[in-house]
Number of protein chains: 2
Amino acid sequence: MQNFELTILGCSSATPTSKRNPTAQLLNIAERFFLIDCGEATQIQLRRFKLKFQRINHIFISHLHGDHYLGLLGLLSSMHLLGRTFDLHLYCPAELEEIINIQNKYSQTYLKFNIIYHPHKYINADLIFEDERVEVRTILLNHRIPCCGFLFKEKPLLANISKEILIEYHIPVEKIVEIKKGADFITPSGEVIPNQRLVTNKAMPRSYAYCSDTCYDERIIDVIKGVDLLYHEATFLNNMEERAKETFHSTALQAATMAQKAGVLKLMIGHYSARYKDLEPLLVEAQSVFKNTVLAVEGESTSIEFST
Amino acid sequence: MQNFELTILGCSSATPTSKRNPTAQLLNIAERFFLIDCGEATQIQLRRFKLKFQRINHIFISHLHGDHYLGLLGLLSSMHLLGRTFDLHLYCPAELEEIINIQNKYSQTYLKFNIIYHPHKYINADLIFEDERVEVRTILLNHRIPCCGFLFKEKPLLANISKEILIEYHIPVEKIVEIKKGADFITPSGEVIPNQRLVTNKAMPRSYAYCSDTCYDERIIDVIKGVDLLYHEATFLNNMEERAKETFHSTALQAATMAQKAGVLKLMIGHYSARYKDLEPLLVEAQSVFKNTVLAVEGESTSIEFST
């Protein structure tokens with residue numbers, strides 16, 4: 001089975017604490033390593049958790065608040081110093097190119113690899129990455145400055161046909177792919193064998209939605225509906241709902257309400273305000289609405305399993 | 001006795017390791033907190049070592065390689081978010097203002113405090129800070145891009161006059177300050193009491209020179225001559241002298257030679273290349289030329305005592 005694993009590198013909000021770093025996550029889908037946001041010290045966290053950062057070819061930056069991108073320059077510099085020569089794709093606000101260029105200009109840094117910029121269009125479900133296994137779309141978030149979340153989704157997997165079935169029905173080799181794609185099989189005598197009798201393991205494609213930073217906004221429900229794992233920021237407890245509204249952030253209760261309304265399988269909350277030393281109350285509040293909630297914890301990895 | 005204490009926050013060279021952070025140091029002279037360079041994750045190191053960063057009013061940035069300033073934006077943002085309103089002085093390459101402004105523009109961050117910029121003039125011994133206790137001068141370093149070190153020096157302290165001496169010679173109050181400054185005392189009967197019989201504790205002002213990043217360059221000797229503590233970068237062992245030359249860095253042997261030729265009291269080496277897991281060989285090499293050498297170690301503080 002191909003990997004679909006999320007590792008949390010940082011889960012604090014704007015002000016880091018001695019225990020929590022600003023936002024960054026590493027998502028491995030079938031050995032594609034996607035870095036999602038890159039707060040200060042992301043390269044240090046990657047080293048700390050023994051994750052090889054030269055395998056990262058695609059970096060997704062949600063928005064230009066420092067706690068989501070200030071680690072990028074240092075990471076690019078280390079990639080360069082350690083000999084990277086292959087392309088790096090950056091899905092980000094257009095202005096980030098200017099920020100990177102000006103700093104490389106003054107430090108007289110001439111990267112040995114190309115950065116290919118894919119500036120956000122700030123529309124919902126915009127397809128920004130696609131290959132034979134994975135697609136990534138934007139989620140239009142509602143924050144103080146323009147901000148995109150990201151929806152990572154496997155392509156539908158081909159079904160399996162067991163050797164026993166191939167022998168039992170004398171299925172010729174040239175028919176295998178079309179049956180895997182969903183076709184019925186018609187025997188030489190004209191009998192129709194329905195597809196579902198032939199194939200196994202037709203798992204639903206897995207999906208992960210990253211929603212940070214944002215206030216509670218139901219307009220994203222259509223995009224994230226039914227995902228296997230939703231990461232939704234929960235900067236505050238609900239007794240600070242007013243503060244959440246003012247700062248375009250969410251409460252744990254709101255994150256859970258979103259998970260419930262979007263019918264997701266599992267919710268992970270994070271982007272905790274530095275005021276919360278103990279995160280348990282945030283978890284309890286979210287679970288009161290949406291039971292299958294977990295806390296983002298730095299260094300921990302979560303595998304998304306096939307749901308069928 | 002007033003404080004004169006250096007704390008190392010980061011001592012790695014351009015590529016940090018899982019054990020070592022990029023360059024930053026906190027120098028406390030008489031409760032003035034000077035931050036010297038501000039590599040990525042400096043704010044995290046300050047928290048880790050329980051150093052209150054709102055007490056820092058003066059930040060000195062040597063040059064615009066990322067490992068010496070990429071932590072600045074995050075630190076400024078945290079100072080702002082935690083309510084700072086008083087001025088911050090930044091002694092730095094002029095271009096840093098543009099780098100800060102562009103990022104604050106795109107993140108729509110309006111700092112609640114003023115940054116007062118003091119751009120480097122790139123001359124030796126330029127007086128860039130002065131108050132009643134301390135003065136700071138630049139040291140012109142020789143690096144791949146324009147770079148300044150910093151010389152921190154106490155003002156000469158006034159000598160002490162003990163109560164016993166005041167009584168013995170019937171010294172009137174209005175004479176005390178001039179005697180503390182060095183004057184002899186003439187008694188009503190015309191007898192001259194020499195200053196050295198009256199005062200005690202006339203300690204030599206203490207000094208600290210920060211030299212990173214630089215290749216070996218004897219033109220700085222006049223500026224750093226006789227300092228109590230010299231921090232000199234030692235990126236490489238001397239078997240990599242060629243590499244040091246190419247990259248405008250120094251070897252441990254060169255740092256020690258500089259300490260010896262400048263007649264300093266103590267040498268601290270740092271800015272270690274990531275290739276050195278064990279730092280002992282760097283120390284041994286430096287001590288072969290200059291005995292009183294120590295390694296920079298993150299989280300450790302060094303107090304400079306009066307030498308007389």
# chains A, B, ... in the order shown; residues from 1 in each chain; ligands from 1
>>> select_by_dssp(residues="range 85-162 of chain A", states="helix (DSSP H, G or I)", output="ChimeraX atom specification")
/A:96-106
>>> write_last_selection(atoms="C-alpha atoms", output="short mmCIF file (atom, residue, chain, number, x, y, z; two decimals), in the first residue's frame")
data_model
loop_
_atom_site.label_atom_id
_atom_site.label_comp_id
_atom_site.auth_asym_id
_atom_site.auth_seq_id
_atom_site.Cartn_x
_atom_site.Cartn_y
_atom_site.Cartn_z
CA LEU A 96 7.05 35.62 -1.95
CA GLU A 97 9.21 35.62 -5.07
CA GLU A 98 10.16 39.25 -4.42
CA ILE A 99 10.91 38.49 -0.75
CA ILE A 100 13.20 35.60 -1.70
CA ASN A 101 14.92 37.46 -4.52
CA ILE A 102 15.76 40.55 -2.51
CA GLN A 103 17.35 38.49 0.26
CA ASN A 104 19.35 36.35 -2.14
CA LYS A 105 20.46 39.52 -3.91
CA TYR A 106 21.86 41.13 -0.75
#
>>> residues_around(residues="range 300-302 of chain A", least_positions_apart="5", cutoff="10 Å", atoms="only C-alpha atoms", output="PyMOL selection string")
chain A and resi 4-9+25-27+49+229+268
>>> interface_residues(of="chain B", to="chain A", cutoff="10 Å", atoms="only C-alpha atoms", output="PyMOL selection string")
chain B and resi 14-22+39-50+63-67+70-75+77-82+93+95-96+98-100+102-109+144-146
>>> closest_residue(among="A:Arg55, A:Ser62, A:Glu191, A:Glu174", to="Tyr122 in chain A", atoms="only C-alpha atoms")
A:Ser62
>>> residues_around(residues="range 221-223 of chain B", least_positions_apart="6", cutoff="7 Å", atoms="only C-alpha atoms", output="mmCIF file with N, CA and C atoms, in the first residue's frame")
data_model
loop_
_atom_site.group_PDB
_atom_site.id
_atom_site.type_symbol
_atom_site.label_atom_id
_atom_site.label_comp_id
_atom_site.auth_asym_id
_atom_site.auth_seq_id
_atom_site.Cartn_x
_atom_site.Cartn_y
_atom_site.Cartn_z
ATOM 1 N N ALA B 125 36.670 50.834 13.798
ATOM 2 C CA ALA B 125 36.570 51.590 15.046
ATOM 3 C C ALA B 125 35.583 52.747 14.995
ATOM 4 N N ILE B 139 34.293 46.771 13.823
ATOM 5 C CA ILE B 139 35.560 46.158 13.406
ATOM 6 C C ILE B 139 35.355 45.755 11.941
ATOM 7 N N ALA B 262 47.179 39.827 18.752
ATOM 8 C CA ALA B 262 46.468 40.983 19.304
ATOM 9 C C ALA B 262 46.617 41.046 20.820
#
>>> residues_around(residues="Pro156 in chain B", least_positions_apart="2", cutoff="10 Å", atoms="only C-alpha atoms", output="ChimeraX atom specification")
/B:132-134,153-154,158-159,181,202-206
>>> select_by_dssp(residues="range 111-230 of chain B", states="strand (DSSP E)", output="number ranges by chain")
B: 115-119, 127-130, 134-140, 148-154, 160-161, 185-186, 192-193, 199-200, 207-211, 229-230
>>> closest_residue(among="B:Leu51, B:Val289, B:Cys211, B:Leu88", to="Leu111 in chain B", atoms="only C-alpha atoms")
B:Leu88
>>> atom_distance(atom1="CA of Leu35 in chain A", atom2="CA of Gln54 in chain A")
11.1 Å
>>> closest_residue(among="A:Asn57, A:Asn114, A:Asn124, A:Thr200", to="Arg219 in chain A", atoms="only C-alpha atoms")
A:Asn124
>>> atom_distance(atom1="CA of Lys175 in chain B", atom2="CA of Ser189 in chain B")
15.8 Å
>>> residues_around(residues="Leu127 in chain B", least_positions_apart="5", cutoff="9 Å", atoms="only C-alpha atoms", output="ChimeraX atom specification")
/B:135-138
>>> atom_distance(atom1="CA of His143 in chain B", atom2="CA of Ser212 in chain B")
8.8 Å
>>> residues_around(residues="Leu253 in chain B", least_positions_apart="2", cutoff="8 Å", atoms="only C-alpha atoms", output="ChimeraX atom specification")
/B:234,237-238,251,255-257,285-286,289
>>> decode(residues="range 263-303 of chain A", atoms="N, CA and C atoms", output="mmCIF file, in the first residue's frame")
data_model
loop_
_atom_site.group_PDB
_atom_site.id
_atom_site.type_symbol
_atom_site.label_atom_id
_atom_site.label_comp_id
_atom_site.auth_asym_id
_atom_site.auth_seq_id
_atom_site.Cartn_x
_atom_site.Cartn_y
_atom_site.Cartn_z
ATOM 1 N N GLY A 263 -18.510 16.435 7.271
ATOM 2 C CA GLY A 263 -18.547 14.967 7.296
ATOM 3 C C GLY A 263 -17.192 14.332 7.073
ATOM 4 N N VAL A 264 -16.165 14.870 7.731
ATOM 5 C CA VAL A 264 -14.828 14.286 7.552
ATOM 6 C C VAL A 264 -14.691 13.070 8.474
ATOM 7 N N LEU A 265 -13.673 12.261 8.221
ATOM 8 C CA LEU A 265 -13.497 11.076 9.063
ATOM 9 C C LEU A 265 -12.769 11.415 10.361
ATOM 10 N N LYS A 266 -11.771 12.296 10.270
ATOM 11 C CA LYS A 266 -10.950 12.588 11.440
ATOM 12 C C LYS A 266 -10.541 14.050 11.395
ATOM 13 N N LEU A 267 -10.463 14.649 12.572
ATOM 14 C CA LEU A 267 -10.051 16.045 12.678
ATOM 15 C C LEU A 267 -8.767 16.135 13.487
ATOM 16 N N MET A 268 -7.815 16.930 12.998
ATOM 17 C CA MET A 268 -6.639 17.259 13.805
ATOM 18 C C MET A 268 -6.646 18.774 14.011
ATOM 19 N N ILE A 269 -6.532 19.190 15.286
ATOM 20 C CA ILE A 269 -6.474 20.627 15.541
ATOM 21 C C ILE A 269 -5.042 21.042 15.877
ATOM 22 N N GLY A 270 -4.750 22.325 15.618
ATOM 23 C CA GLY A 270 -3.407 22.841 15.879
ATOM 24 C C GLY A 270 -3.398 24.353 15.794
ATOM 25 N N HIS A 271 -2.189 24.929 15.618
ATOM 26 C CA HIS A 271 -2.008 26.389 15.570
ATOM 27 C C HIS A 271 -2.469 27.013 16.893
ATOM 28 N N TYR A 272 -1.993 26.396 17.962
ATOM 29 C CA TYR A 272 -2.425 26.781 19.309
ATOM 30 C C TYR A 272 -1.824 28.117 19.723
ATOM 31 N N SER A 273 -2.618 28.934 20.337
ATOM 32 C CA SER A 273 -2.110 30.167 20.944
ATOM 33 C C SER A 273 -1.092 29.819 22.037
ATOM 34 N N ALA A 274 -0.066 30.682 22.154
ATOM 35 C CA ALA A 274 0.987 30.452 23.153
ATOM 36 C C ALA A 274 0.438 30.483 24.576
ATOM 37 N N ARG A 275 -0.779 31.056 24.749
ATOM 38 C CA ARG A 275 -1.347 31.137 26.117
ATOM 39 C C ARG A 275 -1.718 29.762 26.676
ATOM 40 N N TYR A 276 -1.888 28.755 25.805
ATOM 41 C CA TYR A 276 -2.302 27.428 26.291
ATOM 42 C C TYR A 276 -1.094 26.536 26.525
ATOM 43 N N LYS A 277 -0.720 26.400 27.771
ATOM 44 C CA LYS A 277 0.372 25.469 28.082
ATOM 45 C C LYS A 277 -0.151 24.047 28.009
ATOM 46 N N ASP A 278 -1.348 23.853 28.569
ATOM 47 C CA ASP A 278 -2.013 22.553 28.541
ATOM 48 C C ASP A 278 -3.030 22.569 27.392
ATOM 49 N N LEU A 279 -2.897 21.619 26.476
ATOM 50 C CA LEU A 279 -3.757 21.622 25.281
ATOM 51 C C LEU A 279 -5.027 20.790 25.474
ATOM 52 N N GLU A 280 -5.097 20.070 26.569
ATOM 53 C CA GLU A 280 -6.217 19.163 26.822
ATOM 54 C C GLU A 280 -7.587 19.872 26.702
ATOM 55 N N PRO A 281 -7.743 21.074 27.275
ATOM 56 C CA PRO A 281 -9.048 21.739 27.163
ATOM 57 C C PRO A 281 -9.466 22.005 25.710
ATOM 58 N N LEU A 282 -8.508 22.267 24.831
ATOM 59 C CA LEU A 282 -8.835 22.458 23.417
ATOM 60 C C LEU A 282 -9.358 21.156 22.822
ATOM 61 N N LEU A 283 -8.718 20.048 23.201
ATOM 62 C CA LEU A 283 -9.149 18.739 22.695
ATOM 63 C C LEU A 283 -10.538 18.377 23.210
ATOM 64 N N VAL A 284 -10.734 18.598 24.498
ATOM 65 C CA VAL A 284 -12.031 18.262 25.114
ATOM 66 C C VAL A 284 -13.149 19.077 24.464
ATOM 67 N N GLU A 285 -12.875 20.352 24.243
ATOM 68 C CA GLU A 285 -13.892 21.214 23.628
ATOM 69 C C GLU A 285 -14.241 20.710 22.224
ATOM 70 N N ALA A 286 -13.208 20.376 21.433
ATOM 71 C CA ALA A 286 -13.473 19.902 20.068
ATOM 72 C C ALA A 286 -14.214 18.566 20.090
ATOM 73 N N GLN A 287 -13.791 17.670 20.978
ATOM 74 C CA GLN A 287 -14.415 16.339 21.019
ATOM 75 C C GLN A 287 -15.870 16.390 21.486
ATOM 76 N N SER A 288 -16.249 17.466 22.184
ATOM 77 C CA SER A 288 -17.643 17.593 22.616
ATOM 78 C C SER A 288 -18.561 17.715 21.398
ATOM 79 N N VAL A 289 -18.012 18.151 20.270
ATOM 80 C CA VAL A 289 -18.798 18.286 19.041
ATOM 81 C C VAL A 289 -18.438 17.200 18.039
ATOM 82 N N PHE A 290 -17.136 16.887 17.961
ATOM 83 C CA PHE A 290 -16.674 15.918 16.962
ATOM 84 C C PHE A 290 -15.698 14.967 17.633
ATOM 85 N N LYS A 291 -16.218 13.771 17.903
ATOM 86 C CA LYS A 291 -15.504 12.804 18.734
ATOM 87 C C LYS A 291 -14.105 12.459 18.210
ATOM 88 N N ASN A 292 -14.027 12.196 16.909
ATOM 89 C CA ASN A 292 -12.763 11.692 16.342
ATOM 90 C C ASN A 292 -11.776 12.838 16.060
ATOM 91 N N THR A 293 -11.416 13.538 17.146
ATOM 92 C CA THR A 293 -10.481 14.660 17.043
ATOM 93 C C THR A 293 -9.189 14.287 17.752
ATOM 94 N N VAL A 294 -8.066 14.702 17.168
ATOM 95 C CA VAL A 294 -6.773 14.534 17.845
ATOM 96 C C VAL A 294 -6.045 15.871 17.844
ATOM 97 N N LEU A 295 -5.058 15.975 18.739
ATOM 98 C CA LEU A 295 -4.210 17.163 18.799
ATOM 99 C C LEU A 295 -3.016 16.988 17.857
ATOM 100 N N ALA A 296 -2.622 18.062 17.181
ATOM 101 C CA ALA A 296 -1.341 18.050 16.462
ATOM 102 C C ALA A 296 -0.225 18.075 17.498
ATOM 103 N N VAL A 297 0.734 17.176 17.345
ATOM 104 C CA VAL A 297 1.867 17.087 18.263
ATOM 105 C C VAL A 297 3.155 17.049 17.429
ATOM 106 N N GLU A 298 4.090 17.932 17.739
ATOM 107 C CA GLU A 298 5.308 18.023 16.940
ATOM 108 C C GLU A 298 6.120 16.732 16.997
ATOM 109 N N GLY A 299 6.544 16.286 15.822
ATOM 110 C CA GLY A 299 7.337 15.065 15.729
ATOM 111 C C GLY A 299 6.492 13.821 15.538
ATOM 112 N N GLU A 300 5.181 13.939 15.749
ATOM 113 C CA GLU A 300 4.316 12.756 15.570
ATOM 114 C C GLU A 300 3.837 12.638 14.132
ATOM 115 N N SER A 301 3.740 11.397 13.675
ATOM 116 C CA SER A 301 3.261 11.121 12.318
ATOM 117 C C SER A 301 1.930 10.390 12.383
ATOM 118 N N THR A 302 1.060 10.728 11.440
ATOM 119 C CA THR A 302 -0.255 10.102 11.354
ATOM 120 C C THR A 302 -0.393 9.490 9.979
ATOM 121 N N SER A 303 -0.646 8.190 9.927
ATOM 122 C CA SER A 303 -0.884 7.555 8.631
ATOM 123 C C SER A 303 -2.373 7.544 8.345
#
